[in-house]
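This report concerns only the one structure given below.
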Amino acid sequence: MQLGGFRYHNNRERIKLRLVPVTLLRAGMKLGKKIYNENGMVLLSEGVELTSRLIERLGQVGIGYVYIEDAVTEDIVIPEMIHEQTRQMALQEIKKQFQGLSSYSVDHKHQYFGKSFYKVMESILDDIGGRQDAIIMLMDIGAADQDLYHHSLNVCLYSLVLGISNGYNNNQLMELGIGSLLHDIGKMKISPQVLYKPGKLTDEEYEHMKTHTVNGYKLLKDEPGIPLLSAHCALQHHERIDGSGYPNGWKKDQIHEYAKWIGLADSYDAMTASRIYKQPLLPYEAMEVLYAGAGTLYEQRMLEAFRDCVAIYPLGLSVMLNTGEEGVVVRIHSKIPQRPVIRIVRDRDGQELKAPYDVDLSVSLSVMITNTLGATASPFGAMHVD
């Protein structure tokens, strides 16, 4: 297992991409990256010219943002945290094992899936490596309504980046990775009518949903090849430091650190994922919501670590600056991802520039992002992180 020399996997070819909300798409725009359905199959390939009907369909399947071709941003390279082959292998294994569990009782002695998930984690860790400046990128832009399997993989990848940034060794990363990959496995024992309900749950349904934590723990705690701490991740990932979480209402140090990381990643991915019944939040908007729980739901130090690992302004996103200019995010600093490089494409009068130029927010400290093109309405306003 190679844990030195982190590498993002991509074809390194020059591509022309801008991230655009589906609500602002126009017929004639060309798709810059593939769009996948909930099973990971390609719905639309890059280069497809969008029609009014295709744009309408994208909204219907729950996609919030897509990448389109754009000559102004021809040098943007969108990194991938893991090989596509690794991603598909992990998703297939998660789906296979999760669906197999639906026919078992939570008290069934052993399911014998520990070995298969250990191999999945080895492949993921081989891809991610031990880079200390890994960045959490929004990974499911261009994917339809996200299911439990994609969510589980996303939370795993986010949690591993956090674990690497926290200096975890290989054994700890394996425990955290398996725990995060299987944190929601107990949902296979939840009624499908409740699990897939496209709206607010009733009190009775919510109480039923909360049992997934205990069910997950029971499924994992005696499973060969599954670390006991990984089982506790399933049990504790909805606990909160003020005691308001479930299932036990544990506080602060009663909650294992792994579960605290997974709780952050779980909440973040739930807010930024595409859903047919809701528009996804952009990363900076989701971060605002998380920060509203600082000191009550989440530890301040862990939120700060999470913020420093998240690309809160994704590559290709159109933004407004406090100077009145409009630009596009073209590069993200690994050490301070909240201060990206912006390519200015319109002046303060709204006129398109013939010669766009770059402004590095890590150097130009008086320049701030004040809004994003097509951003959803955030209950906390714009957040400036200097």
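In the structure tokens, the first chain shown is A, the next is B, and so on; residue numbers restart at 1 for each chain, and ligands run from 1 in the order shown.
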Item to check | In segment 37-261 of chain A, DSSP helix (DSSP H, G or I) residues written as a ChimeraX atom specification | outcome: /A:52-60,71-73,84-101,114-128,148-165,170-181,185-189,192-195,203-210,212-220,228-236,252-254,257-261
Checklist entry - Neighbours of Ala286 of chain A within 10 Å (only C-alpha atoms; same-chain residues fewer than 3 positions away dropped), as an MDAnalysis selection string? => result chainID A and resid 267:272 280:283 289:291 312 378
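Residues surrounding Thr323 of chain A within 10 Å are A:Asp347, A:Arg348, A:Ser366, A:Val367, A:Met368, A:Ile369, A:Thr370 [only C-alpha atoms; sequence separation below 4 positions excluded].
Checking A:Thr51, A:Thr202, A:Asn170, A:Thr213 one by one against Ile190 of chain A, counting only C-alpha atoms, you find the shortest gap at A:Thr213.
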Would you give me, as CSV, each residue of segment 224-310 of chain A having an atom within 6 Å of an atom of segment 113-122 of chain A, along with its shortest atom pair and that distance in Å to one decimal, using only C-alpha atoms and sorting by chain and residue number?
residue,atom,partner,partner_atom,distance
A:Pro224,CA,A:Gly114,CA,5.8
A:Gly225,CA,A:Gly114,CA,4.4
A:Ile226,CA,A:Gly114,CA,5.2
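A straight line drawn from atom CA of Ile164 of chain A to atom CA of Pro337 of chain A is 16.3 Å long.
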Checklist entry - Which of these, A:Lys252, A:Lys189, A:Lys96, A:His333, has the shortest distance to Thr211 of chain A once you count only C-alpha atoms? => result A:Lys189
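Distances from A:Pro227, A:Gly216, A:Gly199, A:Gly243 to Glu175 of chain A were compared using only C-alpha atoms, and the smallest one belongs to A:Pro227.
Picture a line from atom CA of Leu317 of chain A to atom CA of Leu91 of chain A; it runs 27.5 Å.
Atom CA of Thr73 of chain A is found 25.6 Å from atom CA of Glu56 of chain A.
Residue neighbourhood of Leu58 of chain A, excluding near-sequence residues (fewer than 5 positions): Val22, Arg53, Ile63, Gly64 and Ala144 of chain A, at 9 Å, using only C-alpha atoms.
Using only C-alpha atoms, the nearest neighbour of Ser159 of chain A within the list A:Tyr65, A:Phe98, A:Trp261, A:Trp250 is A:Trp261.
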Excluding same-chain residues fewer than 3 positions from Leu228 of chain A, what lies within 12 Å of it counting only C-alpha atoms, as a compact mmCIF listing (two decimals) with N, CA and C atoms, in the first residue's frame?
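File produced: part11.txt:
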# COMPACT_ATOMS: atom_id res chain seq x y z
N GLY A 114 -16.24 -8.46 5.83
CA GLY A 114 -15.09 -7.69 6.28
C GLY A 114 -13.92 -7.72 5.31
N MET A 174 -7.30 3.07 8.18
CA MET A 174 -8.10 1.91 7.83
C MET A 174 -9.34 1.82 8.72
N GLU A 175 -9.17 2.04 10.02
CA GLU A 175 -10.31 2.02 10.94
C GLU A 175 -11.32 3.10 10.59
N LEU A 176 -10.81 4.33 10.37
CA LEU A 176 -11.68 5.45 10.01
C LEU A 176 -12.34 5.21 8.66
N ILE A 178 -12.99 2.35 6.97
CA ILE A 178 -14.04 1.31 7.00
C ILE A 178 -15.24 1.81 7.79
N GLY A 179 -14.99 2.51 8.89
CA GLY A 179 -16.10 3.06 9.68
C GLY A 179 -16.93 4.05 8.90
N GLY A 216 -26.71 -0.60 12.65
CA GLY A 216 -25.40 -0.66 12.02
C GLY A 216 -24.34 -1.21 12.96
N TYR A 217 -24.40 -0.78 14.20
CA TYR A 217 -23.45 -1.27 15.21
C TYR A 217 -23.61 -2.78 15.41
N LYS A 218 -24.83 -3.25 15.49
CA LYS A 218 -25.08 -4.67 15.68
C LYS A 218 -24.57 -5.50 14.51
N LEU A 219 -24.71 -4.95 13.30
CA LEU A 219 -24.26 -5.66 12.11
C LEU A 219 -22.73 -5.76 12.06
N LEU A 220 -22.05 -4.77 12.62
CA LEU A 220 -20.61 -4.66 12.44
C LEU A 220 -19.77 -5.14 13.62
N LYS A 221 -20.31 -5.08 14.83
CA LYS A 221 -19.47 -5.22 16.03
C LYS A 221 -18.77 -6.58 16.14
N ASP A 222 -19.36 -7.63 15.66
CA ASP A 222 -18.74 -8.96 15.76
C ASP A 222 -18.32 -9.50 14.39
N GLU A 223 -18.38 -8.64 13.38
CA GLU A 223 -18.07 -9.10 12.02
C GLU A 223 -16.57 -9.30 11.85
N PRO A 224 -16.13 -10.49 11.42
CA PRO A 224 -14.70 -10.73 11.21
C PRO A 224 -14.12 -9.74 10.19
N GLY A 225 -12.98 -9.15 10.54
CA GLY A 225 -12.32 -8.22 9.63
C GLY A 225 -12.77 -6.79 9.77
N ALA A 231 -17.21 -0.17 13.94
CA ALA A 231 -18.60 -0.41 14.34
C ALA A 231 -19.12 0.75 15.17
N HIS A 232 -18.27 1.31 16.02
CA HIS A 232 -18.69 2.45 16.84
C HIS A 232 -18.93 3.70 15.99
N CYS A 233 -18.30 3.77 14.83
CA CYS A 233 -18.58 4.89 13.92
C CYS A 233 -20.04 4.85 13.46
N ALA A 234 -20.53 3.64 13.16
CA ALA A 234 -21.93 3.49 12.78
C ALA A 234 -22.85 3.88 13.92
N LEU A 235 -22.46 3.53 15.14
CA LEU A 235 -23.28 3.83 16.31
C LEU A 235 -23.30 5.31 16.65
N HIS A 256 -16.32 9.15 20.11
CA HIS A 256 -15.00 8.89 19.55
C HIS A 256 -14.68 9.91 18.45
N TYR A 258 -13.22 9.56 15.61
CA TYR A 258 -13.60 9.11 14.27
C TYR A 258 -15.05 9.48 13.96
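The list of residues with at least one atom within 10 Å of Tyr313 of chain A, based on only C-alpha atoms and without residues fewer than 6 positions apart in the same chain, reads Met137, Leu138, Leu282, Pro283, Tyr284, Glu285, Val319, Val328, Val329, Val330, Arg331, Ile332, Pro337, Gln338, Arg339, Pro340, Ile369 and Thr372 of chain A.
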Hey, can you spit out that residue selection with N, CA, C and O atoms as a PDB file, in the first residue's frame?
ATOM      1  N   MET A 137     -12.756  17.878  -2.686  1.00  0.00           N
ATOM      2  CA  MET A 137     -13.431  18.479  -3.827  1.00  0.00           C
ATOM      3  C   MET A 137     -14.865  17.957  -3.892  1.00  0.00           C
ATOM      4  O   MET A 137     -15.124  16.817  -3.523  1.00  0.00           O
ATOM      5  N   LEU A 138     -15.755  18.799  -4.370  1.00  0.00           N
ATOM      6  CA  LEU A 138     -17.129  18.362  -4.562  1.00  0.00           C
ATOM      7  C   LEU A 138     -17.126  17.312  -5.666  1.00  0.00           C
ATOM      8  O   LEU A 138     -16.824  17.614  -6.812  1.00  0.00           O
ATOM      9  N   LEU A 282     -24.014  24.828  -2.327  1.00  0.00           N
ATOM     10  CA  LEU A 282     -22.610  24.889  -2.699  1.00  0.00           C
ATOM     11  C   LEU A 282     -21.764  24.693  -1.440  1.00  0.00           C
ATOM     12  O   LEU A 282     -22.248  24.922  -0.324  1.00  0.00           O
ATOM     13  N   PRO A 283     -20.504  24.297  -1.603  1.00  0.00           N
ATOM     14  CA  PRO A 283     -19.679  24.020  -0.424  1.00  0.00           C
ATOM     15  C   PRO A 283     -19.613  25.146   0.594  1.00  0.00           C
ATOM     16  O   PRO A 283     -19.697  24.896   1.799  1.00  0.00           O
ATOM     17  N   TYR A 284     -19.470  26.390   0.137  1.00  0.00           N
ATOM     18  CA  TYR A 284     -19.368  27.474   1.114  1.00  0.00           C
ATOM     19  C   TYR A 284     -20.674  27.669   1.872  1.00  0.00           C
ATOM     20  O   TYR A 284     -20.671  28.048   3.049  1.00  0.00           O
ATOM     21  N   GLU A 285     -21.803  27.389   1.223  1.00  0.00           N
ATOM     22  CA  GLU A 285     -23.090  27.496   1.899  1.00  0.00           C
ATOM     23  C   GLU A 285     -23.239  26.403   2.955  1.00  0.00           C
ATOM     24  O   GLU A 285     -23.712  26.649   4.072  1.00  0.00           O
ATOM     25  N   VAL A 319     -17.990  33.691  -9.751  1.00  0.00           N
ATOM     26  CA  VAL A 319     -18.132  34.398  -8.482  1.00  0.00           C
ATOM     27  C   VAL A 319     -18.143  35.899  -8.696  1.00  0.00           C
ATOM     28  O   VAL A 319     -17.640  36.422  -9.698  1.00  0.00           O
ATOM     29  N   VAL A 328     -14.014  33.672 -12.451  1.00  0.00           N
ATOM     30  CA  VAL A 328     -14.180  32.226 -12.402  1.00  0.00           C
ATOM     31  C   VAL A 328     -13.031  31.641 -11.586  1.00  0.00           C
ATOM     32  O   VAL A 328     -11.873  32.042 -11.749  1.00  0.00           O
ATOM     33  N   VAL A 329     -13.342  30.698 -10.708  1.00  0.00           N
ATOM     34  CA  VAL A 329     -12.311  30.026  -9.920  1.00  0.00           C
ATOM     35  C   VAL A 329     -11.494  29.116 -10.843  1.00  0.00           C
ATOM     36  O   VAL A 329     -12.049  28.217 -11.466  1.00  0.00           O
ATOM     37  N   VAL A 330     -10.178  29.392 -10.935  1.00  0.00           N
ATOM     38  CA  VAL A 330      -9.342  28.611 -11.852  1.00  0.00           C
ATOM     39  C   VAL A 330      -8.259  27.810 -11.142  1.00  0.00           C
ATOM     40  O   VAL A 330      -7.669  26.904 -11.729  1.00  0.00           O
ATOM     41  N   ARG A 331      -7.961  28.122  -9.886  1.00  0.00           N
ATOM     42  CA  ARG A 331      -6.960  27.357  -9.162  1.00  0.00           C
ATOM     43  C   ARG A 331      -7.248  27.438  -7.673  1.00  0.00           C
ATOM     44  O   ARG A 331      -7.691  28.472  -7.179  1.00  0.00           O
ATOM     45  N   ILE A 332      -6.966  26.332  -6.957  1.00  0.00           N
ATOM     46  CA  ILE A 332      -7.221  26.262  -5.520  1.00  0.00           C
ATOM     47  C   ILE A 332      -5.911  25.959  -4.805  1.00  0.00           C
ATOM     48  O   ILE A 332      -5.192  25.026  -5.168  1.00  0.00           O
ATOM     49  N   PRO A 337      -7.508  26.774   0.821  1.00  0.00           N
ATOM     50  CA  PRO A 337      -8.454  26.600  -0.292  1.00  0.00           C
ATOM     51  C   PRO A 337      -9.561  27.644  -0.336  1.00  0.00           C
ATOM     52  O   PRO A 337     -10.190  27.825  -1.372  1.00  0.00           O
ATOM     53  N   GLN A 338      -9.792  28.336   0.807  1.00  0.00           N
ATOM     54  CA  GLN A 338     -10.835  29.358   0.824  1.00  0.00           C
ATOM     55  C   GLN A 338     -10.396  30.661   0.151  1.00  0.00           C
ATOM     56  O   GLN A 338     -11.193  31.594   0.044  1.00  0.00           O
ATOM     57  N   ARG A 339      -9.141  30.739  -0.301  1.00  0.00           N
ATOM     58  CA  ARG A 339      -8.618  31.926  -0.988  1.00  0.00           C
ATOM     59  C   ARG A 339      -8.067  31.497  -2.352  1.00  0.00           C
ATOM     60  O   ARG A 339      -6.866  31.438  -2.582  1.00  0.00           O
ATOM     61  N   PRO A 340      -8.939  31.178  -3.303  1.00  0.00           N
ATOM     62  CA  PRO A 340      -8.497  30.642  -4.592  1.00  0.00           C
ATOM     63  C   PRO A 340      -7.988  31.731  -5.544  1.00  0.00           C
ATOM     64  O   PRO A 340      -8.016  32.926  -5.232  1.00  0.00           O
ATOM     65  N   ILE A 369     -14.623  37.188  -2.096  1.00  0.00           N
ATOM     66  CA  ILE A 369     -15.788  36.685  -2.821  1.00  0.00           C
ATOM     67  C   ILE A 369     -17.036  37.062  -2.028  1.00  0.00           C
ATOM     68  O   ILE A 369     -17.136  36.760  -0.843  1.00  0.00           O
ATOM     69  N   THR A 372     -21.898  34.054  -5.467  1.00  0.00           N
ATOM     70  CA  THR A 372     -21.619  33.127  -6.552  1.00  0.00           C
ATOM     71  C   THR A 372     -22.764  33.144  -7.535  1.00  0.00           C
ATOM     72  O   THR A 372     -23.915  33.399  -7.180  1.00  0.00           O
TER      73      THR A 372
END
Checklist outcome for this item: In terms of only C-alpha atoms, the residue from A:Ala292, A:Leu148, A:Cys309, A:Val155 at minimal distance from Ala259 of chain A is A:Val155
Checklist entry - segment 102-312 of chain A: which residues are strand (DSSP E or B) by DSSP, as a PyMOL selection string? => result chain A and resi 136+143+242+251+275+278+294+298+310
Can you write out the residues you just picked, keeping all heavy atoms, as a PDB file, in the first residue's frame?
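So the final result, stored in again-v1.pdb, reads:
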ATOM      1  N   ILE A 136     -10.595  18.346  -0.189  1.00  0.00           N
ATOM      2  CA  ILE A 136     -11.906  17.766  -0.441  1.00  0.00           C
ATOM      3  C   ILE A 136     -12.576  18.543  -1.566  1.00  0.00           C
ATOM      4  O   ILE A 136     -12.881  19.728  -1.431  1.00  0.00           O
ATOM      5  CB  ILE A 136     -12.786  17.820   0.818  1.00  0.00           C
ATOM      6  CG1 ILE A 136     -12.211  16.894   1.903  1.00  0.00           C
ATOM      7  CG2 ILE A 136     -14.231  17.432   0.499  1.00  0.00           C
ATOM      8  CD1 ILE A 136     -12.920  16.999   3.234  1.00  0.00           C
ATOM      9  N   ALA A 143     -23.927  14.363 -11.292  1.00  0.00           N
ATOM     10  CA  ALA A 143     -24.521  13.054 -11.008  1.00  0.00           C
ATOM     11  C   ALA A 143     -25.963  13.255 -10.594  1.00  0.00           C
ATOM     12  O   ALA A 143     -26.296  14.224  -9.914  1.00  0.00           O
ATOM     13  CB  ALA A 143     -23.744  12.333  -9.909  1.00  0.00           C
ATOM     14  N   ASP A 242     -23.033  18.544  22.280  1.00  0.00           N
ATOM     15  CA  ASP A 242     -23.876  19.118  23.323  1.00  0.00           C
ATOM     16  C   ASP A 242     -24.893  18.118  23.865  1.00  0.00           C
ATOM     17  O   ASP A 242     -25.741  18.463  24.694  1.00  0.00           O
ATOM     18  CB  ASP A 242     -24.597  20.364  22.813  1.00  0.00           C
ATOM     19  CG  ASP A 242     -25.561  20.068  21.663  1.00  0.00           C
ATOM     20  OD1 ASP A 242     -25.569  18.909  21.163  1.00  0.00           O
ATOM     21  OD2 ASP A 242     -26.296  20.984  21.247  1.00  0.00           O
ATOM     22  N   LYS A 251     -21.993  13.171  24.948  1.00  0.00           N
ATOM     23  CA  LYS A 251     -21.417  14.505  24.827  1.00  0.00           C
ATOM     24  C   LYS A 251     -19.902  14.431  24.667  1.00  0.00           C
ATOM     25  O   LYS A 251     -19.262  13.481  25.101  1.00  0.00           O
ATOM     26  CB  LYS A 251     -21.746  15.350  26.063  1.00  0.00           C
ATOM     27  CG  LYS A 251     -23.223  15.591  26.306  1.00  0.00           C
ATOM     28  CD  LYS A 251     -23.423  16.461  27.552  1.00  0.00           C
ATOM     29  CE  LYS A 251     -24.896  16.723  27.814  1.00  0.00           C
ATOM     30  NZ  LYS A 251     -25.102  17.585  29.015  1.00  0.00           N
ATOM     31  N   ARG A 275     -30.406  16.078  -5.051  1.00  0.00           N
ATOM     32  CA  ARG A 275     -31.608  15.323  -4.714  1.00  0.00           C
ATOM     33  C   ARG A 275     -32.744  15.811  -5.621  1.00  0.00           C
ATOM     34  O   ARG A 275     -32.837  16.997  -5.914  1.00  0.00           O
ATOM     35  CB  ARG A 275     -32.022  15.539  -3.251  1.00  0.00           C
ATOM     36  CG  ARG A 275     -31.039  14.975  -2.235  1.00  0.00           C
ATOM     37  CD  ARG A 275     -31.100  13.449  -2.210  1.00  0.00           C
ATOM     38  NE  ARG A 275     -30.282  12.905  -1.132  1.00  0.00           N
ATOM     39  CZ  ARG A 275     -29.020  12.556  -1.267  1.00  0.00           C
ATOM     40  NH1 ARG A 275     -28.409  12.719  -2.433  1.00  0.00           N
ATOM     41  NH2 ARG A 275     -28.340  12.058  -0.252  1.00  0.00           N
ATOM     42  N   LYS A 278     -34.699  18.519  -3.776  1.00  0.00           N
ATOM     43  CA  LYS A 278     -34.063  19.741  -3.273  1.00  0.00           C
ATOM     44  C   LYS A 278     -32.820  20.071  -4.074  1.00  0.00           C
ATOM     45  O   LYS A 278     -32.158  19.193  -4.620  1.00  0.00           O
ATOM     46  CB  LYS A 278     -33.687  19.610  -1.801  1.00  0.00           C
ATOM     47  CG  LYS A 278     -32.441  18.780  -1.526  1.00  0.00           C
ATOM     48  CD  LYS A 278     -31.984  18.896  -0.103  1.00  0.00           C
ATOM     49  CE  LYS A 278     -30.695  18.115   0.131  1.00  0.00           C
ATOM     50  NZ  LYS A 278     -29.541  18.705  -0.588  1.00  0.00           N
ATOM     51  N   ALA A 294     -21.030  25.407  15.592  1.00  0.00           N
ATOM     52  CA  ALA A 294     -19.726  25.386  16.255  1.00  0.00           C
ATOM     53  C   ALA A 294     -19.891  25.489  17.765  1.00  0.00           C
ATOM     54  O   ALA A 294     -20.580  26.373  18.268  1.00  0.00           O
ATOM     55  CB  ALA A 294     -18.859  26.545  15.751  1.00  0.00           C
ATOM     56  N   TYR A 298     -20.706  20.612  16.808  1.00  0.00           N
ATOM     57  CA  TYR A 298     -19.389  20.182  16.350  1.00  0.00           C
ATOM     58  C   TYR A 298     -18.293  20.940  17.093  1.00  0.00           C
ATOM     59  O   TYR A 298     -18.477  22.095  17.491  1.00  0.00           O
ATOM     60  CB  TYR A 298     -19.236  20.435  14.840  1.00  0.00           C
ATOM     61  CG  TYR A 298     -20.404  19.978  14.014  1.00  0.00           C
ATOM     62  CD1 TYR A 298     -21.313  20.900  13.484  1.00  0.00           C
ATOM     63  CD2 TYR A 298     -20.614  18.630  13.741  1.00  0.00           C
ATOM     64  CE1 TYR A 298     -22.393  20.490  12.707  1.00  0.00           C
ATOM     65  CE2 TYR A 298     -21.684  18.210  12.979  1.00  0.00           C
ATOM     66  CZ  TYR A 298     -22.573  19.144  12.470  1.00  0.00           C
ATOM     67  OH  TYR A 298     -23.638  18.734  11.714  1.00  0.00           O
ATOM     68  N   VAL A 310     -11.419  21.777   2.668  1.00  0.00           N
ATOM     69  CA  VAL A 310     -12.511  21.795   1.696  1.00  0.00           C
ATOM     70  C   VAL A 310     -12.323  22.917   0.680  1.00  0.00           C
ATOM     71  O   VAL A 310     -12.047  24.062   1.053  1.00  0.00           O
ATOM     72  CB  VAL A 310     -13.870  21.978   2.398  1.00  0.00           C
ATOM     73  CG1 VAL A 310     -14.995  22.135   1.379  1.00  0.00           C
ATOM     74  CG2 VAL A 310     -14.159  20.797   3.303  1.00  0.00           C
TER      75      VAL A 310
END
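Here the question is which of A:Gly129, A:Pro21, A:Gly186, A:Pro198 gets nearest to Gly163 of chain A using only C-alpha atoms, and that residue is A:Gly129.
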